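One file, protein_19.csv, is given below (CSV, C-alpha atoms and all ligand atoms).
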```
chain,number,residue,atom,x,y,z
A,1,MET,CA,-4.3,-27.9,-75.1
A,2,SER,CA,-5.8,-26.8,-78.4
A,3,LEU,CA,-7.5,-23.5,-78.7
A,4,TYR,CA,-10.8,-25.3,-79.2
A,5,MET,CA,-10.3,-27.4,-76.1
A,6,GLU,CA,-9.4,-24.3,-74.1
A,7,GLN,CA,-12.5,-22.6,-75.2
A,8,ILE,CA,-14.7,-25.5,-74.3
A,9,LYS,CA,-13.0,-25.7,-70.9
A,10,GLN,CA,-13.6,-22.1,-70.2
A,11,LEU,CA,-17.2,-22.3,-71.3
A,12,VAL,CA,-17.7,-25.1,-68.8
A,13,VAL,CA,-16.0,-23.0,-66.1
A,14,LEU,CA,-18.2,-20.1,-67.1
A,15,GLN,CA,-21.3,-22.2,-66.8
A,16,ARG,CA,-20.4,-23.5,-63.3
A,17,VAL,CA,-19.5,-20.0,-62.2
A,18,ASP,CA,-22.7,-18.5,-63.6
A,19,SER,CA,-24.8,-21.1,-61.8
A,20,GLU,CA,-23.1,-20.4,-58.5
A,21,ILE,CA,-23.4,-16.7,-59.0
A,22,LEU,CA,-27.1,-17.1,-59.6
A,23,SER,CA,-27.7,-19.2,-56.5
A,24,LEU,CA,-25.5,-16.8,-54.4
A,25,LYS,CA,-27.5,-13.8,-55.6
A,26,MET,CA,-30.8,-15.6,-54.8
A,27,ALA,CA,-29.5,-16.5,-51.3
A,28,LEU,CA,-28.4,-12.9,-50.8
A,29,GLU,CA,-31.9,-11.7,-51.7
A,30,GLN,CA,-33.7,-14.3,-49.8
A,31,ALA,CA,-31.8,-14.1,-46.5
A,32,PRO,CA,-33.2,-10.8,-45.4
A,33,ALA,CA,-36.7,-11.9,-46.6
A,34,GLN,CA,-36.7,-14.8,-44.2
A,35,LEU,CA,-35.9,-12.4,-41.4
A,36,GLN,CA,-38.7,-10.1,-42.5
A,37,ASP,CA,-41.2,-13.0,-42.3
A,38,LEU,CA,-40.2,-13.6,-38.7
A,39,GLN,CA,-40.3,-9.9,-38.0
A,40,LYS,CA,-43.8,-9.7,-39.3
A,41,LYS,CA,-44.8,-12.8,-37.3
A,42,LEU,CA,-43.4,-11.1,-34.2
A,43,GLU,CA,-45.3,-7.9,-34.9
A,44,TYR,CA,-48.5,-9.9,-35.3
A,45,LEU,CA,-48.0,-11.8,-32.0
A,46,GLU,CA,-47.1,-8.6,-30.2
A,47,HIS,CA,-50.2,-7.0,-31.5
A,48,GLN,CA,-52.3,-9.9,-30.3
A,49,ALA,CA,-50.7,-9.8,-26.9
A,50,GLN,CA,-51.5,-6.1,-26.7
A,51,ILE,CA,-55.2,-6.8,-27.5
A,52,ILE,CA,-55.3,-9.5,-24.8
A,53,GLN,CA,-53.5,-7.2,-22.3
A,54,ASP,CA,-56.1,-4.5,-22.9
A,55,LYS,CA,-58.9,-7.0,-22.2
A,56,ILE,CA,-57.0,-8.2,-19.1
A,57,ASP,CA,-56.7,-4.6,-17.9
A,58,ILE,CA,-60.5,-4.0,-18.3
A,59,ILE,CA,-61.3,-7.3,-16.5
A,60,VAL,CA,-58.8,-6.6,-13.7
A,61,GLU,CA,-60.6,-3.2,-13.2
A,62,GLN,CA,-64.0,-5.1,-13.0
A,63,LYS,CA,-62.5,-7.6,-10.6
A,64,ASN,CA,-61.1,-4.8,-8.3
A,65,LYS,CA,-64.4,-3.0,-8.4
A,66,LEU,CA,-66.4,-6.1,-7.5
A,67,GLU,CA,-64.0,-7.1,-4.7
A,68,ALA,CA,-64.1,-3.6,-3.2
A,69,GLU,CA,-68.0,-3.7,-3.3
A,70,ILE,CA,-68.1,-7.2,-1.8
A,71,ASN,CA,-65.7,-6.2,1.0
A,72,ALA,CA,-67.6,-3.0,1.7
A,73,ASP,CA,-70.9,-4.9,1.9
A,74,ASP,CA,-69.4,-7.7,4.0
A,75,HIS,CA,-68.2,-5.0,6.3
A,76,LEU,CA,-71.6,-3.5,6.4
A,77,LEU,CA,-73.2,-6.9,7.1
A,78,LYS,CA,-70.9,-7.3,10.1
A,79,LYS,CA,-71.9,-3.9,11.4
A,80,HIS,CA,-75.6,-4.8,11.0
A,81,LYS,CA,-75.0,-8.1,12.8
A,82,ASN,CA,-73.5,-6.3,15.7
A,83,LYS,CA,-76.3,-3.7,15.7
A,84,LEU,CA,-78.8,-6.5,15.7
A,85,LEU,CA,-77.5,-7.8,19.0
A,86,GLN,CA,-78.1,-4.4,20.6
A,87,VAL,CA,-81.5,-3.6,19.1
A,88,GLU,CA,-84.5,-4.7,21.2
A,89,ASN,CA,-87.3,-3.0,19.3
A,90,PRO,CA,-88.8,-5.8,17.1
A,91,LYS,CA,-89.8,-3.4,14.3
A,92,GLU,CA,-86.3,-2.0,14.1
A,93,HIS,CA,-84.9,-5.5,14.4
A,94,HIS,CA,-87.1,-6.6,11.5
A,95,ALA,CA,-85.9,-3.6,9.4
A,96,ILE,CA,-82.3,-4.5,9.9
A,97,VAL,CA,-82.9,-8.1,9.0
A,98,ARG,CA,-84.6,-7.1,5.8
A,99,GLU,CA,-81.8,-4.7,4.9
A,100,MET,CA,-79.3,-7.5,5.6
A,101,ASP,CA,-81.2,-9.8,3.3
A,102,THR,CA,-81.0,-7.3,0.5
A,103,ILE,CA,-77.3,-6.8,1.0
A,104,GLU,CA,-76.6,-10.5,1.1
A,105,LYS,CA,-78.6,-11.1,-2.0
A,106,ASN,CA,-76.7,-8.4,-3.9
A,107,ASN,CA,-73.4,-9.7,-2.6
A,108,ARG,CA,-74.2,-13.2,-3.7
A,109,GLN,CA,-74.8,-11.9,-7.2
A,110,ARG,CA,-71.6,-10.0,-7.1
A,111,LYS,CA,-69.7,-13.1,-6.0
A,112,GLU,CA,-71.1,-15.1,-8.8
A,113,GLU,CA,-70.1,-12.3,-11.2
A,114,LEU,CA,-66.7,-12.2,-9.6
A,115,SER,CA,-66.2,-16.0,-10.2
A,116,THR,CA,-67.1,-15.5,-13.9
A,117,VAL,CA,-64.7,-12.6,-14.1
A,118,LEU,CA,-61.9,-14.6,-12.4
A,119,SER,CA,-62.4,-17.5,-14.8
A,120,ASP,CA,-62.3,-15.1,-17.8
A,121,LEU,CA,-59.2,-13.6,-16.4
A,122,ARG,CA,-57.5,-17.0,-16.0
A,123,ASP,CA,-58.3,-17.8,-19.6
A,124,LEU,CA,-57.0,-14.5,-20.9
A,125,GLU,CA,-53.8,-14.9,-18.8
A,126,ASP,CA,-53.3,-18.4,-20.1
A,127,ARG,CA,-53.6,-17.1,-23.7
A,128,LYS,CA,-51.3,-14.2,-22.9
A,129,ALA,CA,-48.7,-16.5,-21.4
A,130,SER,CA,-48.8,-18.8,-24.4
A,131,LEU,CA,-48.5,-15.8,-26.7
A,132,ASP,CA,-45.6,-14.4,-24.7
A,133,HIS,CA,-43.9,-17.8,-25.0
A,134,ASP,CA,-44.3,-17.8,-28.8
A,135,THR,CA,-43.2,-14.2,-28.9
A,136,GLU,CA,-40.1,-14.9,-26.9
A,137,GLU,CA,-39.3,-17.9,-29.1
A,138,ILE,CA,-39.5,-15.8,-32.3
A,139,ARG,CA,-37.4,-13.1,-30.7
A,140,GLN,CA,-34.7,-15.6,-30.0
A,141,ARG,CA,-34.9,-16.9,-33.5
A,142,ILE,CA,-34.6,-13.5,-34.9
A,143,ALA,CA,-31.7,-12.7,-32.7
A,144,ALA,CA,-29.9,-15.9,-33.7
A,145,GLN,CA,-30.6,-15.4,-37.4
A,146,GLN,CA,-29.5,-11.8,-37.2
A,147,ASP,CA,-26.2,-12.9,-35.7
A,148,GLN,CA,-25.6,-15.4,-38.5
A,149,LEU,CA,-26.9,-13.3,-41.3
A,150,ASP,CA,-24.2,-10.7,-41.3
A,151,ASP,CA,-21.5,-13.4,-41.3
A,152,LYS,CA,-23.2,-15.4,-44.0
A,153,LEU,CA,-23.8,-12.3,-46.2
A,154,ARG,CA,-20.2,-11.3,-45.8
A,155,GLU,CA,-19.1,-14.8,-46.8
A,156,LYS,CA,-21.3,-14.9,-49.8
A,157,ARG,CA,-20.2,-11.5,-51.0
A,158,GLU,CA,-16.6,-12.5,-50.7
A,159,ARG,CA,-17.3,-15.7,-52.6
A,160,LEU,CA,-19.3,-13.7,-55.2
A,161,GLU,CA,-16.3,-11.4,-55.8
A,162,ILE,CA,-14.0,-14.4,-56.4
A,163,LEU,CA,-16.5,-15.9,-58.8
A,164,LEU,CA,-16.9,-12.6,-60.7
A,165,LYS,CA,-13.1,-12.5,-61.2
A,166,GLU,CA,-13.2,-16.2,-62.3
A,167,LYS,CA,-16.0,-15.3,-64.7
A,168,GLU,CA,-14.0,-12.4,-66.1
A,169,ARG,CA,-11.0,-14.7,-66.7
A,170,ALA,CA,-13.1,-17.4,-68.4
A,171,THR,CA,-14.9,-14.8,-70.5
A,172,GLN,CA,-11.6,-13.4,-71.8
A,173,ALA,CA,-10.7,-16.8,-73.2
A,174,ILE,CA,-14.0,-17.2,-75.1
A,175,PRO,CA,-14.5,-15.5,-78.5
A,176,ALA,CA,-17.2,-12.8,-78.5
A,177,PRO,CA,-19.6,-14.6,-80.9
A,178,ILE,CA,-19.5,-17.7,-78.8
A,179,LEU,CA,-20.0,-15.7,-75.7
A,180,THR,CA,-23.0,-14.1,-77.2
A,181,ARG,CA,-24.4,-17.5,-78.1
A,182,TYR,CA,-23.7,-18.7,-74.6
A,183,THR,CA,-25.5,-15.7,-73.1
A,184,PHE,CA,-28.4,-16.0,-75.5
A,185,ILE,CA,-29.0,-19.6,-74.6
A,186,ARG,CA,-28.5,-19.0,-70.9
A,187,GLU,CA,-31.2,-16.3,-70.9
A,188,ARG,CA,-33.7,-18.6,-72.7
A,189,LEU,CA,-33.1,-22.1,-71.5
A,190,GLU,CA,-33.3,-23.7,-68.1
A,191,GLY,CA,-30.3,-25.7,-66.9
A,192,ALA,CA,-27.1,-26.3,-68.7
A,193,VAL,CA,-25.9,-24.2,-71.7
A,194,ILE,CA,-22.9,-26.3,-72.6
A,195,VAL,CA,-23.5,-30.0,-72.6
A,196,PRO,CA,-21.6,-33.2,-73.4
A,197,VAL,CA,-22.6,-35.4,-76.3
A,198,THR,CA,-22.4,-39.0,-75.3
A,199,GLU,CA,-22.5,-41.7,-78.0
A,200,GLY,CA,-24.1,-39.3,-80.4
A,201,VAL,CA,-26.8,-38.2,-77.9
A,202,CYS,CA,-27.0,-34.5,-76.8
A,203,GLN,CA,-27.2,-34.5,-73.0
A,204,GLY,CA,-29.2,-31.3,-73.1
A,205,CYS,CA,-32.2,-32.5,-75.0
A,206,HIS,CA,-31.4,-36.3,-75.2
A,207,ILE,CA,-31.9,-36.4,-78.9
A,208,VAL,CA,-29.4,-38.2,-81.3
A,209,ILE,CA,-27.6,-35.5,-83.3
A,210,PRO,CA,-27.3,-35.9,-87.0
A,211,PRO,CA,-24.2,-38.0,-88.1
A,212,GLN,CA,-22.5,-35.1,-89.9
A,213,ASN,CA,-22.8,-32.9,-86.7
A,214,TYR,CA,-21.3,-35.8,-84.7
A,215,ILE,CA,-18.4,-36.2,-87.1
A,216,ASP,CA,-17.7,-32.4,-87.0
A,217,LEU,CA,-18.0,-32.4,-83.3
A,218,GLN,CA,-15.4,-35.2,-83.0
A,219,LYS,CA,-13.0,-33.2,-85.2
A,220,GLY,CA,-12.8,-30.6,-82.3
A,221,GLU,CA,-12.2,-27.6,-84.6
A,222,GLN,CA,-15.1,-25.3,-83.9
A,223,ILE,CA,-17.7,-24.7,-81.3
A,224,LEU,CA,-21.0,-26.3,-82.4
A,225,SER,CA,-24.5,-26.1,-81.1
A,226,CYS,CA,-27.0,-28.9,-80.9
A,227,PRO,CA,-29.4,-28.5,-83.9
A,228,TYR,CA,-32.4,-29.4,-81.7
A,229,CYS,CA,-31.9,-27.5,-78.4
A,230,GLN,CA,-29.3,-25.0,-79.5
A,231,ARG,CA,-27.1,-25.7,-76.5
A,232,ILE,CA,-23.4,-25.5,-77.0
A,233,MET,CA,-22.1,-29.1,-77.2
A,234,TYR,CA,-18.8,-31.0,-76.9
A,235,TRP,CA,-17.8,-34.6,-77.3
A,236,ASP,CA,-17.5,-36.3,-74.0
A,237,LYS,CA,-14.3,-38.1,-75.1
A,238,HIS,CA,-12.7,-34.8,-75.7
A,239,PHE,CA,-13.3,-33.3,-72.3
A,240,ALA,CA,-14.5,-34.4,-68.9
A,241,PRO,CA,-15.0,-31.5,-66.5
A,242,GLN,CA,-13.3,-32.2,-63.2
A,243,GLU,CA,-15.9,-32.6,-60.5
A,244,GLU,CA,-14.5,-29.7,-58.6
A,245,GLU,CA,-16.8,-28.9,-55.8
A,246,PRO,CA,-17.1,-25.2,-55.2
A,247,PRO,CA,-16.5,-24.3,-51.5
A,248,THR,CA,-19.7,-24.8,-49.7
A,249,VAL,CA,-21.5,-21.7,-48.9
A,250,ALA,CA,-24.3,-22.3,-46.5
A,251,ALA,CA,-27.7,-21.2,-47.7
B,301,ZN,ZN,-29.7,-30.8,-77.7
```
Using structure tokens, write down the structure from this file.
Ligand SMILES: [Zn+2]
Amino acid sequence: MSLYMEQIKQLVVLQRVDSEILSLKMALEQAPAQLQDLQKKLEYLEHQAQIIQDKIDIIVEQKNKLEAEINADDHLLKKHKNKLLQVENPKEHHAIVREMDTIEKNNRQRKEELSTVLSDLRDLEDRKASLDHDTEEIRQRIAAQQDQLDDKLREKRERLEILLKEKERATQAIPAPILTRYTFIRERLEGAVIVPVTEGVCQGCHIVIPPQNYIDLQKGEQILSCPYCQRIMYWDKHFAPQEEEPPTVAA
């Protein structure tokens, strides 16, 4: 292989390696962020659950108080009822009946209040149960992701190390000025830095390159850039990069 062809080949390798390094680095940065989102969601749900629990505590207190009062008055009513059987004085009888009416009226109000409190309590408990369910689901997702994350990150770091070595090898084969040009374009343009020219058309910008450039390109003597998009170009008849799939690294 001519020196020219070797340089083109290494530039293509460099480009592939750089793209993979970039996506690996992004994946490495994003992986913990995904977990952080879940963590935040979990904290939010736990906070909501705590607010509802506080409300439940207050309502349970109300409920217990009402039930105790209702029981006490029911008990009192029973006592009055028994007393009523023993009392013969009509005045005293009447007084007891009136007192019983008052107690019953109060207790009716309390029982209505209690039924509202119980209904509120059921609503809150339903909401709490649904929150607890969501919370548990997120906890499990976090646990599962945490488990995978360490493995994935280790895999990615290992792959990154291999790529960096590959990059170093490719870099050594490329003359410094061309490498500078490559880096310059890479930092400024989206997508490919080194592109094939197919039937006179630059595959980076899809413009027909001037005939003289095309002729020079076909000579395969020096590394040329597309005059329109500045990408480094090669003639597709000279070189066809093997479609080597890099080992799949799960995102
Ligand atoms: Zn171009």
For ligand ZN 301 (chain B), return the neighbouring residues as a list in words (distance at most 8 Å; all atoms listed in the file).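 What falls inside 8 Å of ligand ZN 301 (chain B) is Val201, Cys202, Gln203, Gly204, Cys205, His206, Ile207, Ile209, Ser225, Cys226, Pro227, Tyr228, Cys229, Gln230, Arg231 and Met233 of chain A.
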So how far away is atom CA of A:Lys63 from atom CA of A:Ser115, in Å?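 Computing it gives 9.2 Å between the two atoms.
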Near stretch 210-224 of chain A, counting all atoms listed in the file, which residues have an atom at most 12 Å away, once you skip same-chain residues fewer than 4 positions from it, shown as an NGL selection string? :A and (1-9 or 11 or 174-175 or 177-179 or 181-182 or 193-202 or 228-239)
Can you work out which one of A:Val12, A:Leu45, A:Ala240, A:Val87 has the shortest atom-to-atom distance to A:Glu136, counting all atoms listed in the file? A:Leu45
With distances taken over only C-alpha atoms, which of A:Arg186, A:Arg110, A:Lys25, A:His94 is nearest to A:Leu153?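 Of all the options, A:Lys25 lies closest to A:Leu153.
Of note, atom CA of A:Pro241 and atom CA of A:Ile162 are spaced 19.9 Å apart.
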Considering only C-alpha atoms, state which residue in the set A:Leu160, A:Ala144, A:Ala173, A:Val208 is at the smallest distance from A:Glu20.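 So, comparing all the options, the nearest one is A:Leu160.
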Can you tell me which residues surround stretch 137-141 of chain A at a distance of at most 12 Å, considering all atoms listed in the file, apart from same-chain residues fewer than 6 positions away, and format the answer as number ranges by chain? A: 34-46, 130-131, 147-149
Quick one: pull the distance between atom CA of A:Lys156 and atom CA of A:Leu24, Å, one decimal.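 Going from atom CA of A:Lys156 over to atom CA of A:Leu24, I get 6.5 Å.
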Residues within 12 Å of (-74.6, -1.8, 8.6), counting all atoms listed in the file, listed as a PyMOL selection string: chain A and resi 72-84+95-104
Of A:Met26, A:Ile21, A:Glu92, A:Glu69, the one sitting nearest A:Glu158 when using all atoms listed in the file is A:Ile21
Given the choices A:Gln86, A:Asn106, A:Gln10, A:Thr135, which gets closest to A:His47 if the distance is worked out from only C-alpha atoms?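 Looking at the shortest contact to A:His47, the residue is A:Thr135.
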Which residue gives the smallest distance to A:Ile70 among A:Leu114, A:Leu28, A:Ala192, A:Leu164, with only C-alpha atoms counted?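 That would be A:Leu114, the residue with the smallest distance to A:Ile70.
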Regenerate stretch 20-31 of chain A at the level of N, CA, C and O atoms and dump it as a compact mmCIF listing (two decimals), in the coordinates of the input.
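rebuild-v8.txt, written as the output of this step:
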```
# COMPACT_ATOMS: atom_id res chain seq x y z
N GLU A 20 -23.32 -20.75 -59.94
CA GLU A 20 -23.10 -20.40 -58.50
C GLU A 20 -23.40 -18.98 -58.22
O GLU A 20 -23.95 -18.67 -57.16
N ILE A 21 -23.07 -18.12 -59.16
CA ILE A 21 -23.40 -16.70 -59.00
C ILE A 21 -24.89 -16.51 -58.81
O ILE A 21 -25.35 -15.80 -57.92
N LEU A 22 -25.63 -17.22 -59.66
CA LEU A 22 -27.10 -17.10 -59.60
C LEU A 22 -27.62 -17.55 -58.24
O LEU A 22 -28.44 -16.87 -57.63
N SER A 23 -27.13 -18.71 -57.77
CA SER A 23 -27.70 -19.20 -56.50
C SER A 23 -27.21 -18.31 -55.34
O SER A 23 -27.94 -18.12 -54.37
N LEU A 24 -26.01 -17.76 -55.45
CA LEU A 24 -25.50 -16.80 -54.40
C LEU A 24 -26.41 -15.58 -54.38
O LEU A 24 -26.78 -15.10 -53.32
N LYS A 25 -26.70 -15.07 -55.55
CA LYS A 25 -27.50 -13.80 -55.60
C LYS A 25 -28.90 -14.10 -55.04
O LYS A 25 -29.46 -13.27 -54.33
N MET A 26 -29.45 -15.30 -55.35
CA MET A 26 -30.80 -15.60 -54.80
C MET A 26 -30.70 -15.73 -53.28
O MET A 26 -31.57 -15.23 -52.58
N ALA A 27 -29.64 -16.37 -52.80
CA ALA A 27 -29.50 -16.50 -51.30
C ALA A 27 -29.34 -15.15 -50.69
O ALA A 27 -29.90 -14.89 -49.62
N LEU A 28 -28.61 -14.27 -51.34
CA LEU A 28 -28.40 -12.90 -50.80
C LEU A 28 -29.74 -12.16 -50.74
O LEU A 28 -29.99 -11.40 -49.81
N GLU A 29 -30.57 -12.40 -51.74
CA GLU A 29 -31.90 -11.70 -51.70
C GLU A 29 -32.84 -12.31 -50.73
O GLU A 29 -33.63 -11.61 -50.13
N GLN A 30 -32.75 -13.65 -50.59
CA GLN A 30 -33.70 -14.30 -49.80
C GLN A 30 -33.45 -14.23 -48.26
O GLN A 30 -34.37 -14.25 -47.45
N ALA A 31 -32.17 -14.13 -47.94
CA ALA A 31 -31.80 -14.10 -46.50
C ALA A 31 -32.54 -13.04 -45.73
O ALA A 31 -33.17 -13.35 -44.71
```
